[in-house]
$ cat structure.cif   # mmCIF, N, CA and C atoms
data_coords
#
loop_
_atom_site.label_atom_id
_atom_site.label_comp_id
_atom_site.auth_asym_id
_atom_site.auth_seq_id
_atom_site.Cartn_x
_atom_site.Cartn_y
_atom_site.Cartn_z
N MET A 1 89.40 89.02 121.24
CA MET A 1 89.95 89.40 119.96
C MET A 1 90.46 88.15 119.26
N PRO A 2 90.01 87.87 118.04
CA PRO A 2 90.46 86.68 117.32
C PRO A 2 91.95 86.77 117.00
N ARG A 3 92.62 85.65 117.06
CA ARG A 3 94.03 85.59 116.68
C ARG A 3 94.11 85.26 115.21
N THR A 4 94.31 86.28 114.41
CA THR A 4 94.35 86.11 112.96
C THR A 4 95.45 86.95 112.36
N VAL A 5 95.88 86.56 111.19
CA VAL A 5 96.73 87.38 110.34
C VAL A 5 96.01 87.44 109.01
N LEU A 6 95.50 88.60 108.66
CA LEU A 6 94.75 88.78 107.43
C LEU A 6 95.70 89.28 106.34
N VAL A 7 95.86 88.49 105.28
CA VAL A 7 96.83 88.79 104.23
C VAL A 7 96.11 88.82 102.89
N ASP A 8 96.39 89.86 102.11
CA ASP A 8 95.88 89.94 100.75
C ASP A 8 96.79 90.90 99.98
N LEU A 9 96.96 90.64 98.69
CA LEU A 9 97.78 91.53 97.87
C LEU A 9 97.04 92.79 97.48
N GLU A 10 95.72 92.76 97.56
CA GLU A 10 94.93 93.93 97.19
C GLU A 10 94.46 94.64 98.47
N PRO A 11 94.82 95.90 98.67
CA PRO A 11 94.44 96.59 99.90
C PRO A 11 92.94 96.85 100.02
N GLY A 12 92.21 96.84 98.93
CA GLY A 12 90.77 97.10 98.99
C GLY A 12 90.02 96.05 99.79
N VAL A 13 90.43 94.81 99.68
CA VAL A 13 89.76 93.74 100.42
C VAL A 13 90.03 93.88 101.91
N ILE A 14 91.25 94.17 102.28
CA ILE A 14 91.60 94.35 103.69
C ILE A 14 90.86 95.56 104.25
N ASN A 15 90.77 96.64 103.50
CA ASN A 15 90.05 97.83 103.96
C ASN A 15 88.57 97.56 104.12
N ALA A 16 88.00 96.70 103.29
CA ALA A 16 86.59 96.35 103.41
C ALA A 16 86.33 95.59 104.71
N VAL A 17 87.21 94.70 105.08
CA VAL A 17 87.07 93.98 106.34
C VAL A 17 87.26 94.94 107.50
N ARG A 18 88.23 95.81 107.40
CA ARG A 18 88.53 96.76 108.47
C ARG A 18 87.38 97.73 108.71
N SER A 19 86.68 98.13 107.66
CA SER A 19 85.62 99.14 107.79
C SER A 19 84.24 98.55 108.05
N GLU A 20 84.11 97.23 108.04
CA GLU A 20 82.82 96.61 108.30
C GLU A 20 82.40 96.85 109.75
N LYS A 21 81.17 97.25 109.94
CA LYS A 21 80.70 97.64 111.27
C LYS A 21 80.68 96.48 112.27
N SER A 22 80.14 95.35 111.86
CA SER A 22 79.93 94.27 112.82
C SER A 22 81.21 93.52 113.18
N MET A 23 82.11 93.32 112.22
CA MET A 23 83.30 92.51 112.50
C MET A 23 84.61 93.27 112.42
N GLY A 24 84.64 94.44 111.83
CA GLY A 24 85.89 95.16 111.65
C GLY A 24 86.59 95.53 112.94
N SER A 25 85.83 95.80 113.98
CA SER A 25 86.43 96.20 115.25
C SER A 25 86.94 95.02 116.06
N LEU A 26 86.61 93.80 115.64
CA LEU A 26 87.08 92.62 116.36
C LEU A 26 88.56 92.35 116.15
N PHE A 27 89.08 92.69 114.98
CA PHE A 27 90.45 92.33 114.61
C PHE A 27 91.44 93.40 115.03
N ASN A 28 92.61 92.96 115.40
CA ASN A 28 93.70 93.86 115.75
C ASN A 28 94.23 94.49 114.46
N PRO A 29 94.25 95.82 114.36
CA PRO A 29 94.70 96.46 113.11
C PRO A 29 96.16 96.19 112.76
N ASP A 30 96.96 95.75 113.71
CA ASP A 30 98.36 95.45 113.43
C ASP A 30 98.53 94.16 112.65
N THR A 31 97.51 93.32 112.62
CA THR A 31 97.63 92.02 111.96
C THR A 31 97.17 92.03 110.51
N PHE A 32 96.84 93.18 109.97
CA PHE A 32 96.47 93.30 108.56
C PHE A 32 97.73 93.51 107.73
N VAL A 33 97.97 92.64 106.78
CA VAL A 33 99.14 92.75 105.90
C VAL A 33 98.64 92.78 104.46
N SER A 34 98.98 93.86 103.75
CA SER A 34 98.56 93.95 102.35
C SER A 34 99.62 94.70 101.55
N ALA A 35 99.60 94.46 100.26
CA ALA A 35 100.50 95.16 99.35
C ALA A 35 99.82 96.43 98.84
N GLN A 36 100.53 97.24 98.12
CA GLN A 36 99.95 98.45 97.55
C GLN A 36 99.19 98.15 96.27
N ASN A 37 99.64 97.17 95.53
CA ASN A 37 99.01 96.80 94.26
C ASN A 37 98.62 95.33 94.31
N GLY A 38 97.54 95.00 93.67
CA GLY A 38 97.14 93.60 93.57
C GLY A 38 97.92 92.90 92.47
N ALA A 39 97.73 91.59 92.40
CA ALA A 39 98.42 90.79 91.39
C ALA A 39 97.62 90.71 90.10
N GLY A 40 96.39 91.17 90.10
CA GLY A 40 95.59 91.17 88.88
C GLY A 40 95.30 89.78 88.35
N ASN A 41 95.02 88.82 89.25
CA ASN A 41 94.74 87.43 88.87
C ASN A 41 95.88 86.81 88.06
N ASN A 42 97.09 87.23 88.32
CA ASN A 42 98.26 86.70 87.65
C ASN A 42 99.10 85.96 88.69
N PHE A 43 99.15 84.63 88.61
CA PHE A 43 99.86 83.83 89.60
C PHE A 43 101.34 84.20 89.68
N ALA A 44 101.98 84.36 88.56
CA ALA A 44 103.42 84.65 88.56
C ALA A 44 103.72 85.98 89.24
N LYS A 45 102.90 86.98 88.98
CA LYS A 45 103.12 88.29 89.62
C LYS A 45 102.89 88.20 91.12
N GLY A 46 101.87 87.47 91.52
CA GLY A 46 101.59 87.33 92.95
C GLY A 46 102.61 86.47 93.67
N TYR A 47 103.11 85.46 93.03
CA TYR A 47 104.04 84.54 93.67
C TYR A 47 105.48 85.05 93.67
N PHE A 48 105.93 85.58 92.54
CA PHE A 48 107.34 85.94 92.42
C PHE A 48 107.64 87.39 92.78
N SER A 49 106.74 88.33 92.50
CA SER A 49 107.09 89.73 92.75
C SER A 49 106.34 90.32 93.94
N GLU A 50 105.04 90.46 93.84
CA GLU A 50 104.27 91.11 94.91
C GLU A 50 104.28 90.28 96.20
N GLY A 51 104.02 88.99 96.07
CA GLY A 51 103.94 88.12 97.24
C GLY A 51 105.27 87.92 97.92
N SER A 52 106.33 87.83 97.16
CA SER A 52 107.64 87.61 97.76
C SER A 52 108.13 88.82 98.56
N GLU A 53 107.63 89.99 98.24
CA GLU A 53 108.00 91.18 99.01
C GLU A 53 107.32 91.21 100.38
N LEU A 54 106.19 90.54 100.50
CA LEU A 54 105.42 90.56 101.76
C LEU A 54 105.75 89.40 102.69
N ILE A 55 106.49 88.43 102.24
CA ILE A 55 106.67 87.22 103.03
C ILE A 55 107.30 87.49 104.39
N ASP A 56 108.24 88.41 104.48
CA ASP A 56 108.87 88.72 105.77
C ASP A 56 107.87 89.35 106.73
N ASP A 57 107.04 90.27 106.24
CA ASP A 57 106.03 90.89 107.09
C ASP A 57 105.00 89.87 107.57
N ILE A 58 104.63 88.96 106.70
CA ILE A 58 103.65 87.92 107.06
C ILE A 58 104.21 87.00 108.12
N LEU A 59 105.45 86.56 107.95
CA LEU A 59 106.06 85.68 108.93
C LEU A 59 106.27 86.36 110.27
N ASP A 60 106.61 87.65 110.27
CA ASP A 60 106.75 88.40 111.51
C ASP A 60 105.43 88.46 112.27
N GLN A 61 104.33 88.71 111.55
CA GLN A 61 103.02 88.75 112.20
C GLN A 61 102.63 87.37 112.73
N ALA A 62 102.94 86.32 112.01
CA ALA A 62 102.61 84.97 112.47
C ALA A 62 103.42 84.60 113.71
N ARG A 63 104.65 85.06 113.79
CA ARG A 63 105.48 84.77 114.98
C ARG A 63 104.97 85.48 116.22
N LYS A 64 104.44 86.69 116.03
CA LYS A 64 103.94 87.45 117.18
C LYS A 64 102.71 86.80 117.76
#
$ encode --input "structure.cif" --output "structure tokens"
Amino acid sequence: MPRTVLVDLEPGVINAVRSEKSMGSLFNPDTFVSAQNGAGNNFAKGYFSEGSELIDDILDQARK
């Protein structure tokens, strides 16, 4: 099992990786971290609001 932490603000991308037949089963489902809404290609929204809410979850997964 690869040691990865997959992070994205848009859950659709994470779900696409998770549902892929050839590689989706390789990853541990606990290491997927995503927000409910994407940032919509807006750096400020991704950096200050959406991304800042996920930073604790991302760091917890990286520590594990």
$ atom_distance --input "structure.cif" --atom1 "CA of Val33 (chain A)" --atom2 "CA of Val7 (chain A)"
4.9 Å
$ closest_residue --input "structure.cif" --among "A:Asn42, A:Ser25, A:Gln61, A:Gln36" --to "Glu10 (chain A)" --atoms "only C-alpha atoms"
A:Gln36
$ axis_aligned_box --input "structure.cif" --around "region 33-51 of chain A" --padding-each-side "4 Å" --output "JSON"
{"center_x": 101.2, "center_y": 91.1, "center_z": 97.2, "size_x": 20.9, "size_y": 22.6, "size_z": 27.1}
$ closest_residue --input "structure.cif" --among "A:Ala44, A:Ala35, A:Ala62, A:Ile55" --to "Gly12 (chain A)" --atoms "only C-alpha atoms"
A:Ala35
$ select_by_dssp --input "structure.cif" --residues "chain A" --states "alpha helix (DSSP H)" --output "PyMOL selection string"
chain A and resi 11-19+43-44+51-63
$ write_last_selection --input "structure.cif" --atoms "N, CA and C atoms" --output "mmCIF file, keeping the file's coordinate frame"
data_model
loop_
_atom_site.group_PDB
_atom_site.id
_atom_site.type_symbol
_atom_site.label_atom_id
_atom_site.label_comp_id
_atom_site.auth_asym_id
_atom_site.auth_seq_id
_atom_site.Cartn_x
_atom_site.Cartn_y
_atom_site.Cartn_z
ATOM 1 N N PRO A 11 94.820 95.900 98.670
ATOM 2 C CA PRO A 11 94.440 96.590 99.900
ATOM 3 C C PRO A 11 92.940 96.850 100.020
ATOM 4 N N GLY A 12 92.210 96.840 98.930
ATOM 5 C CA GLY A 12 90.770 97.100 98.990
ATOM 6 C C GLY A 12 90.020 96.050 99.790
ATOM 7 N N VAL A 13 90.430 94.810 99.680
ATOM 8 C CA VAL A 13 89.760 93.740 100.420
ATOM 9 C C VAL A 13 90.030 93.880 101.910
ATOM 10 N N ILE A 14 91.250 94.170 102.280
ATOM 11 C CA ILE A 14 91.600 94.350 103.690
ATOM 12 C C ILE A 14 90.860 95.560 104.250
ATOM 13 N N ASN A 15 90.770 96.640 103.500
ATOM 14 C CA ASN A 15 90.050 97.830 103.960
ATOM 15 C C ASN A 15 88.570 97.560 104.120
ATOM 16 N N ALA A 16 88.000 96.700 103.290
ATOM 17 C CA ALA A 16 86.590 96.350 103.410
ATOM 18 C C ALA A 16 86.330 95.590 104.710
ATOM 19 N N VAL A 17 87.210 94.700 105.080
ATOM 20 C CA VAL A 17 87.070 93.980 106.340
ATOM 21 C C VAL A 17 87.260 94.940 107.500
ATOM 22 N N ARG A 18 88.230 95.810 107.400
ATOM 23 C CA ARG A 18 88.530 96.760 108.470
ATOM 24 C C ARG A 18 87.380 97.730 108.710
ATOM 25 N N SER A 19 86.680 98.130 107.660
ATOM 26 C CA SER A 19 85.620 99.140 107.790
ATOM 27 C C SER A 19 84.240 98.550 108.050
ATOM 28 N N PHE A 43 99.150 84.630 88.610
ATOM 29 C CA PHE A 43 99.860 83.830 89.600
ATOM 30 C C PHE A 43 101.340 84.200 89.680
ATOM 31 N N ALA A 44 101.980 84.360 88.560
ATOM 32 C CA ALA A 44 103.420 84.650 88.560
ATOM 33 C C ALA A 44 103.720 85.980 89.240
ATOM 34 N N GLY A 51 104.020 88.990 96.070
ATOM 35 C CA GLY A 51 103.940 88.120 97.240
ATOM 36 C C GLY A 51 105.270 87.920 97.920
ATOM 37 N N SER A 52 106.330 87.830 97.160
ATOM 38 C CA SER A 52 107.640 87.610 97.760
ATOM 39 C C SER A 52 108.130 88.820 98.560
ATOM 40 N N GLU A 53 107.630 89.990 98.240
ATOM 41 C CA GLU A 53 108.000 91.180 99.010
ATOM 42 C C GLU A 53 107.320 91.210 100.380
ATOM 43 N N LEU A 54 106.190 90.540 100.500
ATOM 44 C CA LEU A 54 105.420 90.560 101.760
ATOM 45 C C LEU A 54 105.750 89.400 102.690
ATOM 46 N N ILE A 55 106.490 88.430 102.240
ATOM 47 C CA ILE A 55 106.670 87.220 103.030
ATOM 48 C C ILE A 55 107.300 87.490 104.390
ATOM 49 N N ASP A 56 108.240 88.410 104.480
ATOM 50 C CA ASP A 56 108.870 88.720 105.770
ATOM 51 C C ASP A 56 107.870 89.350 106.730
ATOM 52 N N ASP A 57 107.040 90.270 106.240
ATOM 53 C CA ASP A 57 106.030 90.890 107.090
ATOM 54 C C ASP A 57 105.000 89.870 107.570
ATOM 55 N N ILE A 58 104.630 88.960 106.700
ATOM 56 C CA ILE A 58 103.650 87.920 107.060
ATOM 57 C C ILE A 58 104.210 87.000 108.120
ATOM 58 N N LEU A 59 105.450 86.560 107.950
ATOM 59 C CA LEU A 59 106.060 85.680 108.930
ATOM 60 C C LEU A 59 106.270 86.360 110.270
ATOM 61 N N ASP A 60 106.610 87.650 110.270
ATOM 62 C CA ASP A 60 106.750 88.400 111.510
ATOM 63 C C ASP A 60 105.430 88.460 112.270
ATOM 64 N N GLN A 61 104.330 88.710 111.550
ATOM 65 C CA GLN A 61 103.020 88.750 112.200
ATOM 66 C C GLN A 61 102.630 87.370 112.730
ATOM 67 N N ALA A 62 102.940 86.320 112.010
ATOM 68 C CA ALA A 62 102.610 84.970 112.470
ATOM 69 C C ALA A 62 103.420 84.600 113.710
ATOM 70 N N ARG A 63 104.650 85.060 113.790
ATOM 71 C CA ARG A 63 105.480 84.770 114.980
ATOM 72 C C ARG A 63 104.970 85.480 116.220
#
$ select_by_dssp --input "structure.cif" --residues "chain A" --states "strand (DSSP E)" --output "PyMOL selection string"
chain A and resi 6-8+32-34
$ atom_distance --input "structure.cif" --atom1 "atom N of Asn28 (chain A)" --atom2 "CA of Phe43 (chain A)"
28.3 Å
$ closest_residue --input "structure.cif" --among "A:Lys64, A:Pro2, A:Asp57, A:Gly46" --to "Met23 (chain A)" --atoms "only C-alpha atoms"
A:Pro2
$ residues_near_point --input "structure.cif" --point "(105.6, 88.3, 105.3)" --cutoff "12 Å" --atoms "only C-alpha atoms" --output "PDB file with N, CA and C atoms, in the frame of the given file"
ATOM      1  N   VAL A   5      95.880  86.560 111.190  1.00  0.00           N
ATOM      2  CA  VAL A   5      96.730  87.380 110.340  1.00  0.00           C
ATOM      3  C   VAL A   5      96.010  87.440 109.010  1.00  0.00           C
ATOM      4  N   LEU A   6      95.500  88.600 108.660  1.00  0.00           N
ATOM      5  CA  LEU A   6      94.750  88.780 107.430  1.00  0.00           C
ATOM      6  C   LEU A   6      95.700  89.280 106.340  1.00  0.00           C
ATOM      7  N   VAL A   7      95.860  88.490 105.280  1.00  0.00           N
ATOM      8  CA  VAL A   7      96.830  88.790 104.230  1.00  0.00           C
ATOM      9  C   VAL A   7      96.110  88.820 102.890  1.00  0.00           C
ATOM     10  N   ASP A   8      96.390  89.860 102.110  1.00  0.00           N
ATOM     11  CA  ASP A   8      95.880  89.940 100.750  1.00  0.00           C
ATOM     12  C   ASP A   8      96.790  90.900  99.980  1.00  0.00           C
ATOM     13  N   LEU A   9      96.960  90.640  98.690  1.00  0.00           N
ATOM     14  CA  LEU A   9      97.780  91.530  97.870  1.00  0.00           C
ATOM     15  C   LEU A   9      97.040  92.790  97.480  1.00  0.00           C
ATOM     16  N   THR A  31      97.510  93.320 112.620  1.00  0.00           N
ATOM     17  CA  THR A  31      97.630  92.020 111.960  1.00  0.00           C
ATOM     18  C   THR A  31      97.170  92.030 110.510  1.00  0.00           C
ATOM     19  N   PHE A  32      96.840  93.180 109.970  1.00  0.00           N
ATOM     20  CA  PHE A  32      96.470  93.300 108.560  1.00  0.00           C
ATOM     21  C   PHE A  32      97.730  93.510 107.730  1.00  0.00           C
ATOM     22  N   VAL A  33      97.970  92.640 106.780  1.00  0.00           N
ATOM     23  CA  VAL A  33      99.140  92.750 105.900  1.00  0.00           C
ATOM     24  C   VAL A  33      98.640  92.780 104.460  1.00  0.00           C
ATOM     25  N   SER A  34      98.980  93.860 103.750  1.00  0.00           N
ATOM     26  CA  SER A  34      98.560  93.950 102.350  1.00  0.00           C
ATOM     27  C   SER A  34      99.620  94.700 101.550  1.00  0.00           C
ATOM     28  N   ALA A  35      99.600  94.460 100.260  1.00  0.00           N
ATOM     29  CA  ALA A  35     100.500  95.160  99.350  1.00  0.00           C
ATOM     30  C   ALA A  35      99.820  96.430  98.840  1.00  0.00           C
ATOM     31  N   GLU A  50     105.040  90.460  93.840  1.00  0.00           N
ATOM     32  CA  GLU A  50     104.270  91.110  94.910  1.00  0.00           C
ATOM     33  C   GLU A  50     104.280  90.280  96.200  1.00  0.00           C
ATOM     34  N   GLY A  51     104.020  88.990  96.070  1.00  0.00           N
ATOM     35  CA  GLY A  51     103.940  88.120  97.240  1.00  0.00           C
ATOM     36  C   GLY A  51     105.270  87.920  97.920  1.00  0.00           C
ATOM     37  N   SER A  52     106.330  87.830  97.160  1.00  0.00           N
ATOM     38  CA  SER A  52     107.640  87.610  97.760  1.00  0.00           C
ATOM     39  C   SER A  52     108.130  88.820  98.560  1.00  0.00           C
ATOM     40  N   GLU A  53     107.630  89.990  98.240  1.00  0.00           N
ATOM     41  CA  GLU A  53     108.000  91.180  99.010  1.00  0.00           C
ATOM     42  C   GLU A  53     107.320  91.210 100.380  1.00  0.00           C
ATOM     43  N   LEU A  54     106.190  90.540 100.500  1.00  0.00           N
ATOM     44  CA  LEU A  54     105.420  90.560 101.760  1.00  0.00           C
ATOM     45  C   LEU A  54     105.750  89.400 102.690  1.00  0.00           C
ATOM     46  N   ILE A  55     106.490  88.430 102.240  1.00  0.00           N
ATOM     47  CA  ILE A  55     106.670  87.220 103.030  1.00  0.00           C
ATOM     48  C   ILE A  55     107.300  87.490 104.390  1.00  0.00           C
ATOM     49  N   ASP A  56     108.240  88.410 104.480  1.00  0.00           N
ATOM     50  CA  ASP A  56     108.870  88.720 105.770  1.00  0.00           C
ATOM     51  C   ASP A  56     107.870  89.350 106.730  1.00  0.00           C
ATOM     52  N   ASP A  57     107.040  90.270 106.240  1.00  0.00           N
ATOM     53  CA  ASP A  57     106.030  90.890 107.090  1.00  0.00           C
ATOM     54  C   ASP A  57     105.000  89.870 107.570  1.00  0.00           C
ATOM     55  N   ILE A  58     104.630  88.960 106.700  1.00  0.00           N
ATOM     56  CA  ILE A  58     103.650  87.920 107.060  1.00  0.00           C
ATOM     57  C   ILE A  58     104.210  87.000 108.120  1.00  0.00           C
ATOM     58  N   LEU A  59     105.450  86.560 107.950  1.00  0.00           N
ATOM     59  CA  LEU A  59     106.060  85.680 108.930  1.00  0.00           C
ATOM     60  C   LEU A  59     106.270  86.360 110.270  1.00  0.00           C
ATOM     61  N   ASP A  60     106.610  87.650 110.270  1.00  0.00           N
ATOM     62  CA  ASP A  60     106.750  88.400 111.510  1.00  0.00           C
ATOM     63  C   ASP A  60     105.430  88.460 112.270  1.00  0.00           C
ATOM     64  N   GLN A  61     104.330  88.710 111.550  1.00  0.00           N
ATOM     65  CA  GLN A  61     103.020  88.750 112.200  1.00  0.00           C
ATOM     66  C   GLN A  61     102.630  87.370 112.730  1.00  0.00           C
ATOM     67  N   ALA A  62     102.940  86.320 112.010  1.00  0.00           N
ATOM     68  CA  ALA A  62     102.610  84.970 112.470  1.00  0.00           C
ATOM     69  C   ALA A  62     103.420  84.600 113.710  1.00  0.00           C
ATOM     70  N   ARG A  63     104.650  85.060 113.790  1.00  0.00           N
ATOM     71  CA  ARG A  63     105.480  84.770 114.980  1.00  0.00           C
ATOM     72  C   ARG A  63     104.970  85.480 116.220  1.00  0.00           C
TER      73      ARG A  63
END
$ atom_distance --input "structure.cif" --atom1 "CA of Tyr47 (chain A)" --atom2 "atom C of Arg18 (chain A)"
26.0 Å
$ closest_residue --input "structure.cif" --among "A:Phe27, A:Asn41, A:Phe48, A:Val17" --to "Thr4 (chain A)" --atoms "only C-alpha atoms"
A:Phe27
